[in-house]
Amino acid sequence: MNDITLPVKQRFDEVTIPLPSSKSESNRVLIIDALTEGPNQLSNLAEARDTQTMIRLLKEDPETLDVLDAGTTMRFLTAYAALTNRHKTLTGTPRMCERPIGILVDALRTIGAKIAYINKEGYPPIETQGFEKQLANKVQIRGDVSSQYISALLMNAPLLPEGLTLELTGKIGSRTYIEMTLALMKQFGIAYSFEGNIIKVGPQQYKNTTFAVESDWSGASYWFSLLACAEEGTFFLKGLKENSLQGDSKIVEIMDKLGVQSEFTEDGILLTKKAVTGLDSFDFTHCPDLAQTVAVTCALLGQKSQFTGLESLRIKETDRIYALQQELAKFNAKLEEGENGVFTIIPSTSIPEKVSIETYDDHRMGMAFMPLATRTEVTIIDKEVVNKSYPSFWKHCILAGIKA
């Protein structure tokens, strides 16, 4: 593996980061584009491996859709292939074939799609075997497992002969990602209603449009964290919007309590240092991808904090709860699991002169622990792991003055 060792750096000058484009927005508009008759004008698509995989598979249209380790690509292409009557095999990395897809497959089968599991029931690889007619126009689906299942169904809903009504059961997690999907659909001409736990999309056609993808708030979170942990500095993050569709824009609210002042401009957002007021607790239900970043930040700042809404972290690229617990322990911090889904960050008591961080094939583990470089020399094992969502991450660290 190709590791990277970052030296200690505590002070930063005026740093400008040309953030990557949003993977979440990109993968959604690519499916919408594939469902639209005639050309759309899409720009600023993400450089992330997940998005580039989606672009390639939609363009080449092979019999076997190998999504590698891309969760959104797997879920979105499963619904797309199943409901547009494509006969495809969908597979991915060994870890991808351990990530459940049964809830989505059950919903697709209810609608009328024919899908078979090739190996283990409920998991990829799967085979889509056709869609002759719509059997149901209303489907119940759990809202607390993965918003990607719901988004996958919604994007295909307008082209179904009878449209689709989704009833979300239980707690709705990552609601902002569902709202992002619907907002993007609206920009391409789709009308819908979302009242309580019911989403209704009637039969209709996507309309051709021009769309530019926003910069990635998930990627922005690591620079918020770096500044929070630094002694001094300013960061300008390019391409972010104040009224963003992305749920991870919640990082502004979180980091305001952890010592980062945010000021929006026409071109992005300016980050400056301010006093830490403290983050006693936070519910990550609608922005789970921020949990690792905030956990590391609190551990380094001496902030004991209670986290909730981490249920989905166990079925991500890795079991992120376990991974956080293992790696935080390397600099004497803890993520303690309590009752009723409450986790407590116990800040670091002392930090060794050198720390080596395992990444568990998880891009966010590699990036979330980068701010540890404000305290000690840190080695990130398998630096290429960031390519999944942020291939230019280490180059941007160099822009910030963190040079391996």
# chains A, B, ... in the order shown; residues from 1 in each chain; ligands from 1
>>> residues_around(residues="Phe211 (chain A)", least_positions_apart="2", cutoff="10 Å", atoms="only C-alpha atoms", output="mmCIF file with N, CA and C atoms, in the first residue's frame")
data_model
loop_
_atom_site.group_PDB
_atom_site.id
_atom_site.type_symbol
_atom_site.label_atom_id
_atom_site.label_comp_id
_atom_site.auth_asym_id
_atom_site.auth_seq_id
_atom_site.Cartn_x
_atom_site.Cartn_y
_atom_site.Cartn_z
ATOM 1 N N VAL A 29 -27.856 13.507 -10.836
ATOM 2 C CA VAL A 29 -28.185 14.127 -12.134
ATOM 3 C C VAL A 29 -27.784 13.221 -13.295
ATOM 4 N N ASN A 40 -29.245 16.968 -22.029
ATOM 5 C CA ASN A 40 -29.115 17.999 -20.994
ATOM 6 C C ASN A 40 -27.718 18.586 -21.071
ATOM 7 N N GLN A 41 -27.551 19.742 -20.506
ATOM 8 C CA GLN A 41 -26.229 20.368 -20.438
ATOM 9 C C GLN A 41 -25.754 20.293 -18.983
ATOM 10 N N LEU A 42 -24.953 19.280 -18.688
ATOM 11 C CA LEU A 42 -24.436 19.083 -17.338
ATOM 12 C C LEU A 42 -22.992 19.569 -17.272
ATOM 13 N N SER A 43 -22.655 20.269 -16.193
ATOM 14 C CA SER A 43 -21.274 20.734 -16.034
ATOM 15 C C SER A 43 -20.824 20.555 -14.596
ATOM 16 N N ASN A 44 -19.503 20.571 -14.422
ATOM 17 C CA ASN A 44 -18.873 20.479 -13.106
ATOM 18 C C ASN A 44 -19.164 19.151 -12.406
ATOM 19 N N LEU A 45 -19.273 18.067 -13.189
ATOM 20 C CA LEU A 45 -19.478 16.745 -12.591
ATOM 21 C C LEU A 45 -18.262 16.352 -11.749
ATOM 22 N N LEU A 184 -33.577 18.130 -7.088
ATOM 23 C CA LEU A 184 -32.931 17.968 -8.400
ATOM 24 C C LEU A 184 -33.952 17.527 -9.449
ATOM 25 N N GLN A 187 -35.812 20.481 -10.623
ATOM 26 C CA GLN A 187 -35.069 21.325 -11.563
ATOM 27 C C GLN A 187 -35.118 20.770 -12.981
ATOM 28 N N PHE A 188 -35.405 19.474 -13.090
ATOM 29 C CA PHE A 188 -35.556 18.858 -14.410
ATOM 30 C C PHE A 188 -37.033 18.657 -14.762
ATOM 31 N N ASN A 208 -35.501 18.733 -20.573
ATOM 32 C CA ASN A 208 -34.101 19.094 -20.813
ATOM 33 C C ASN A 208 -33.769 20.401 -20.095
ATOM 34 N N THR A 209 -32.588 20.434 -19.495
ATOM 35 C CA THR A 209 -32.192 21.650 -18.801
ATOM 36 C C THR A 209 -30.673 21.743 -18.743
ATOM 37 N N VAL A 213 -23.136 21.353 -11.199
ATOM 38 C CA VAL A 213 -23.036 20.710 -9.882
ATOM 39 C C VAL A 213 -22.282 21.623 -8.911
ATOM 40 N N GLU A 214 -22.802 21.730 -7.698
ATOM 41 C CA GLU A 214 -22.161 22.526 -6.650
ATOM 42 C C GLU A 214 -20.922 21.816 -6.116
#
>>> residues_around(residues="Glu337 (chain A)", least_positions_apart="2", cutoff="12 Å", atoms="only C-alpha atoms", output="ChimeraX atom specification")
/A:306-308,310-311,321-322,324-325,334-335,339-346
>>> atom_distance(atom1="CA of Val296 (chain A)", atom2="CA of Asn243 (chain A)")
26.7 Å
>>> closest_residue(among="A:Gln205, A:Thr72, A:Thr78, A:Asn137", to="Ile115 (chain A)", atoms="only C-alpha atoms")
A:Thr78
>>> select_by_dssp(residues="region 102-265 of chain A", states="strand (DSSP E or B)", output="CSV table (one decimal) with N, CA and C atoms, in the first residue's frame")
chain,number,residue,atom,x,y,z
A,115,ILE,N,-36.0,-9.6,-10.4
A,115,ILE,CA,-34.6,-9.5,-10.0
A,115,ILE,C,-34.3,-10.8,-9.2
A,116,ALA,N,-33.1,-11.3,-9.5
A,116,ALA,CA,-32.6,-12.5,-8.9
A,116,ALA,C,-31.3,-12.3,-8.2
A,117,TYR,N,-31.1,-12.9,-7.0
A,117,TYR,CA,-29.8,-12.9,-6.3
A,117,TYR,C,-29.0,-14.0,-6.9
A,126,ILE,N,-26.5,-9.2,-8.1
A,126,ILE,CA,-27.9,-9.5,-8.5
A,126,ILE,C,-28.0,-9.4,-10.0
A,127,GLU,N,-29.1,-9.9,-10.5
A,127,GLU,CA,-29.4,-9.9,-11.9
A,127,GLU,C,-30.8,-9.3,-12.1
A,128,THR,N,-30.9,-8.2,-12.9
A,128,THR,CA,-32.2,-7.7,-13.3
A,128,THR,C,-32.7,-8.4,-14.5
A,129,GLN,N,-33.9,-8.9,-14.5
A,129,GLN,CA,-34.4,-9.8,-15.5
A,129,GLN,C,-35.6,-9.3,-16.3
A,138,LYS,N,-48.0,1.9,-5.2
A,138,LYS,CA,-47.7,2.4,-3.9
A,138,LYS,C,-46.8,1.4,-3.2
A,139,VAL,N,-45.7,1.8,-2.5
A,139,VAL,CA,-44.8,0.9,-1.9
A,139,VAL,C,-44.4,1.5,-0.5
A,140,GLN,N,-44.4,0.6,0.5
A,140,GLN,CA,-43.8,0.9,1.8
A,140,GLN,C,-42.4,0.6,1.8
A,141,ILE,N,-41.6,1.5,2.4
A,141,ILE,CA,-40.1,1.2,2.5
A,141,ILE,C,-39.6,1.9,3.8
A,142,ARG,N,-38.7,1.2,4.5
A,142,ARG,CA,-38.2,1.7,5.7
A,142,ARG,C,-37.4,3.0,5.4
A,164,LEU,N,-45.6,6.8,-8.8
A,164,LEU,CA,-45.3,6.0,-7.6
A,164,LEU,C,-45.5,6.8,-6.3
A,165,THR,N,-46.1,6.2,-5.3
A,165,THR,CA,-46.3,6.7,-4.0
A,165,THR,C,-45.4,5.9,-3.0
A,166,LEU,N,-44.5,6.6,-2.3
A,166,LEU,CA,-43.7,5.9,-1.3
A,166,LEU,C,-44.2,6.3,0.1
A,167,GLU,N,-44.4,5.3,0.9
A,167,GLU,CA,-44.7,5.5,2.3
A,167,GLU,C,-43.5,5.1,3.1
A,168,LEU,N,-42.9,6.0,3.7
A,168,LEU,CA,-41.6,5.8,4.5
A,168,LEU,C,-42.0,5.4,5.9
A,169,THR,N,-41.6,4.2,6.3
A,169,THR,CA,-42.0,3.7,7.6
A,169,THR,C,-40.9,3.9,8.6
A,193,SER,N,-45.1,15.7,-4.4
A,193,SER,CA,-45.5,16.1,-3.0
A,193,SER,C,-44.8,15.3,-2.0
A,194,PHE,N,-44.4,15.9,-0.9
A,194,PHE,CA,-43.8,15.2,0.2
A,194,PHE,C,-44.4,15.7,1.5
A,195,GLU,N,-45.4,15.0,2.0
A,195,GLU,CA,-46.2,15.4,3.2
A,195,GLU,C,-46.1,14.3,4.2
A,198,ILE,N,-45.2,10.5,3.4
A,198,ILE,CA,-45.7,10.1,2.1
A,198,ILE,C,-45.1,11.0,1.0
A,199,ILE,N,-44.5,10.3,0.0
A,199,ILE,CA,-44.0,11.0,-1.2
A,199,ILE,C,-44.7,10.5,-2.4
A,200,LYS,N,-45.3,11.5,-3.2
A,200,LYS,CA,-46.1,11.1,-4.4
A,200,LYS,C,-45.4,11.7,-5.6
A,201,VAL,N,-45.2,10.9,-6.6
A,201,VAL,CA,-44.7,11.4,-7.9
A,201,VAL,C,-45.6,10.8,-9.0
A,210,THR,N,-30.2,22.9,-18.2
A,210,THR,CA,-28.8,23.1,-18.0
A,210,THR,C,-28.5,23.1,-16.5
A,211,PHE,N,-27.5,22.3,-16.0
A,211,PHE,CA,-27.3,22.2,-14.6
A,211,PHE,C,-25.8,22.1,-14.3
A,212,ALA,N,-25.4,22.9,-13.3
A,212,ALA,CA,-24.0,22.9,-12.9
A,212,ALA,C,-24.0,22.4,-11.4
A,215,SER,N,-20.0,22.6,-5.5
A,215,SER,CA,-18.9,22.0,-4.8
A,215,SER,C,-19.4,21.1,-3.6
A,232,GLU,N,-3.9,28.9,14.3
A,232,GLU,CA,-4.4,30.2,13.6
A,232,GLU,C,-4.4,29.9,12.1
A,233,GLY,N,-5.1,30.8,11.4
A,233,GLY,CA,-5.2,30.6,9.9
A,233,GLY,C,-6.6,31.0,9.4
A,234,THR,N,-6.7,31.2,8.1
A,234,THR,CA,-8.0,31.4,7.4
A,234,THR,C,-8.0,30.5,6.2
A,235,PHE,N,-9.2,30.0,5.9
A,235,PHE,CA,-9.4,29.2,4.7
A,235,PHE,C,-10.6,29.8,3.8
A,236,PHE,N,-10.4,29.8,2.5
A,236,PHE,CA,-11.5,30.1,1.6
A,236,PHE,C,-11.8,28.9,0.8
A,237,LEU,N,-13.0,28.4,0.9
A,237,LEU,CA,-13.5,27.2,0.2
A,237,LEU,C,-14.3,27.6,-1.0
A,238,LYS,N,-13.9,27.3,-2.2
A,238,LYS,CA,-14.5,27.8,-3.4
A,238,LYS,C,-15.7,27.0,-3.8
A,260,VAL,N,-15.1,27.8,14.4
A,260,VAL,CA,-14.9,28.3,13.1
A,260,VAL,C,-16.0,29.2,12.7
A,261,GLN,N,-15.7,30.4,12.3
A,261,GLN,CA,-16.6,31.4,11.8
A,261,GLN,C,-16.7,31.3,10.3
A,262,SER,N,-18.0,31.3,9.8
A,262,SER,CA,-18.2,31.1,8.3
A,262,SER,C,-18.8,32.4,7.8
A,263,GLU,N,-18.3,32.8,6.6
A,263,GLU,CA,-18.9,34.0,5.9
A,263,GLU,C,-19.0,33.7,4.4
A,264,PHE,N,-20.2,33.7,3.9
A,264,PHE,CA,-20.5,33.4,2.5
A,264,PHE,C,-20.2,34.6,1.6
>>> closest_residue(among="A:Glu231, A:Glu377, A:Glu179, A:Glu37", to="Gln246 (chain A)", atoms="only C-alpha atoms")
A:Glu179
>>> select_by_dssp(residues="region 49-270 of chain A", states="alpha helix (DSSP H)", output="number ranges by chain")
A: 49-60, 71-83, 102-111, 147-156, 175-187, 217-229, 251-256
>>> residues_around(residues="Ser225 (chain A)", least_positions_apart="5", cutoff="9 Å", atoms="only C-alpha atoms", output="ChimeraX atom specification")
/A:220,230,255,258,260,293-294,296-297,368,371
>>> residues_around(residues="Asp144 (chain A)", least_positions_apart="4", cutoff="6 Å", atoms="only C-alpha atoms", output="ChimeraX atom specification")
/A:171-173
>>> atom_distance(atom1="CA of Tyr123 (chain A)", atom2="CA of Gly143 (chain A)")
18.8 Å
>>> residues_around(residues="Gly202 (chain A)", least_positions_apart="2", cutoff="8 Å", atoms="only C-alpha atoms", output="mmCIF file with N, CA and C atoms, in the first residue's frame")
data_model
loop_
_atom_site.group_PDB
_atom_site.id
_atom_site.type_symbol
_atom_site.label_atom_id
_atom_site.label_comp_id
_atom_site.auth_asym_id
_atom_site.auth_seq_id
_atom_site.Cartn_x
_atom_site.Cartn_y
_atom_site.Cartn_z
ATOM 1 N N ALA A 157 -39.418 7.053 -10.650
ATOM 2 C CA ALA A 157 -40.869 7.100 -10.475
ATOM 3 C C ALA A 157 -41.621 7.828 -11.589
ATOM 4 N N PRO A 158 -41.130 8.982 -12.084
ATOM 5 C CA PRO A 158 -41.911 9.702 -13.101
ATOM 6 C C PRO A 158 -42.162 8.896 -14.368
ATOM 7 N N GLU A 162 -47.882 4.410 -13.916
ATOM 8 C CA GLU A 162 -48.810 4.915 -12.904
ATOM 9 C C GLU A 162 -48.129 5.819 -11.877
ATOM 10 N N GLY A 163 -46.882 6.210 -12.128
ATOM 11 C CA GLY A 163 -46.166 6.974 -11.128
ATOM 12 C C GLY A 163 -45.898 6.119 -9.897
ATOM 13 N N LEU A 164 -45.590 6.766 -8.764
ATOM 14 C CA LEU A 164 -45.266 6.000 -7.562
ATOM 15 C C LEU A 164 -45.527 6.826 -6.313
ATOM 16 N N ALA A 191 -42.837 17.350 -10.947
ATOM 17 C CA ALA A 191 -43.675 17.779 -9.831
ATOM 18 C C ALA A 191 -43.850 16.614 -8.859
ATOM 19 N N TYR A 192 -43.934 16.918 -7.562
ATOM 20 C CA TYR A 192 -44.079 15.883 -6.542
ATOM 21 C C TYR A 192 -44.722 16.495 -5.304
ATOM 22 N N LYS A 200 -45.313 11.459 -3.170
ATOM 23 C CA LYS A 200 -46.078 11.101 -4.367
ATOM 24 C C LYS A 200 -45.444 11.729 -5.605
ATOM 25 N N GLN A 204 -44.855 11.365 -15.541
ATOM 26 C CA GLN A 204 -44.486 12.588 -16.269
ATOM 27 C C GLN A 204 -43.117 12.395 -16.901
#
>>> residues_around(residues="Thr181 (chain A)", least_positions_apart="3", cutoff="12 Å", atoms="only C-alpha atoms", output="JSON, numbers by chain")
{"A": [24, 25, 26, 27, 28, 29, 30, 31, 32, 76, 147, 148, 149, 150, 151, 152, 153, 154, 155, 156, 157, 174, 175, 176, 177, 178, 184, 185, 186, 187, 188, 190, 192, 194, 199, 245, 246, 247]}
>>> closest_residue(among="A:Thr53, A:Ser146, A:Asn332, A:Ser244", to="Leu300 (chain A)", atoms="only C-alpha atoms")
A:Asn332
>>> residues_around(residues="Ile111 (chain A)", least_positions_apart="2", cutoff="6 Å", atoms="only C-alpha atoms", output="PyMOL selection string")
chain A and resi 108-109+134-136
>>> closest_residue(among="A:Thr272, A:Ser305, A:Ser249, A:Ser221", to="Phe12 (chain A)", atoms="only C-alpha atoms")
A:Thr272
>>> closest_residue(among="A:Val252, A:Thr285, A:His363, A:Thr374", to="Phe393 (chain A)", atoms="only C-alpha atoms")
A:His363
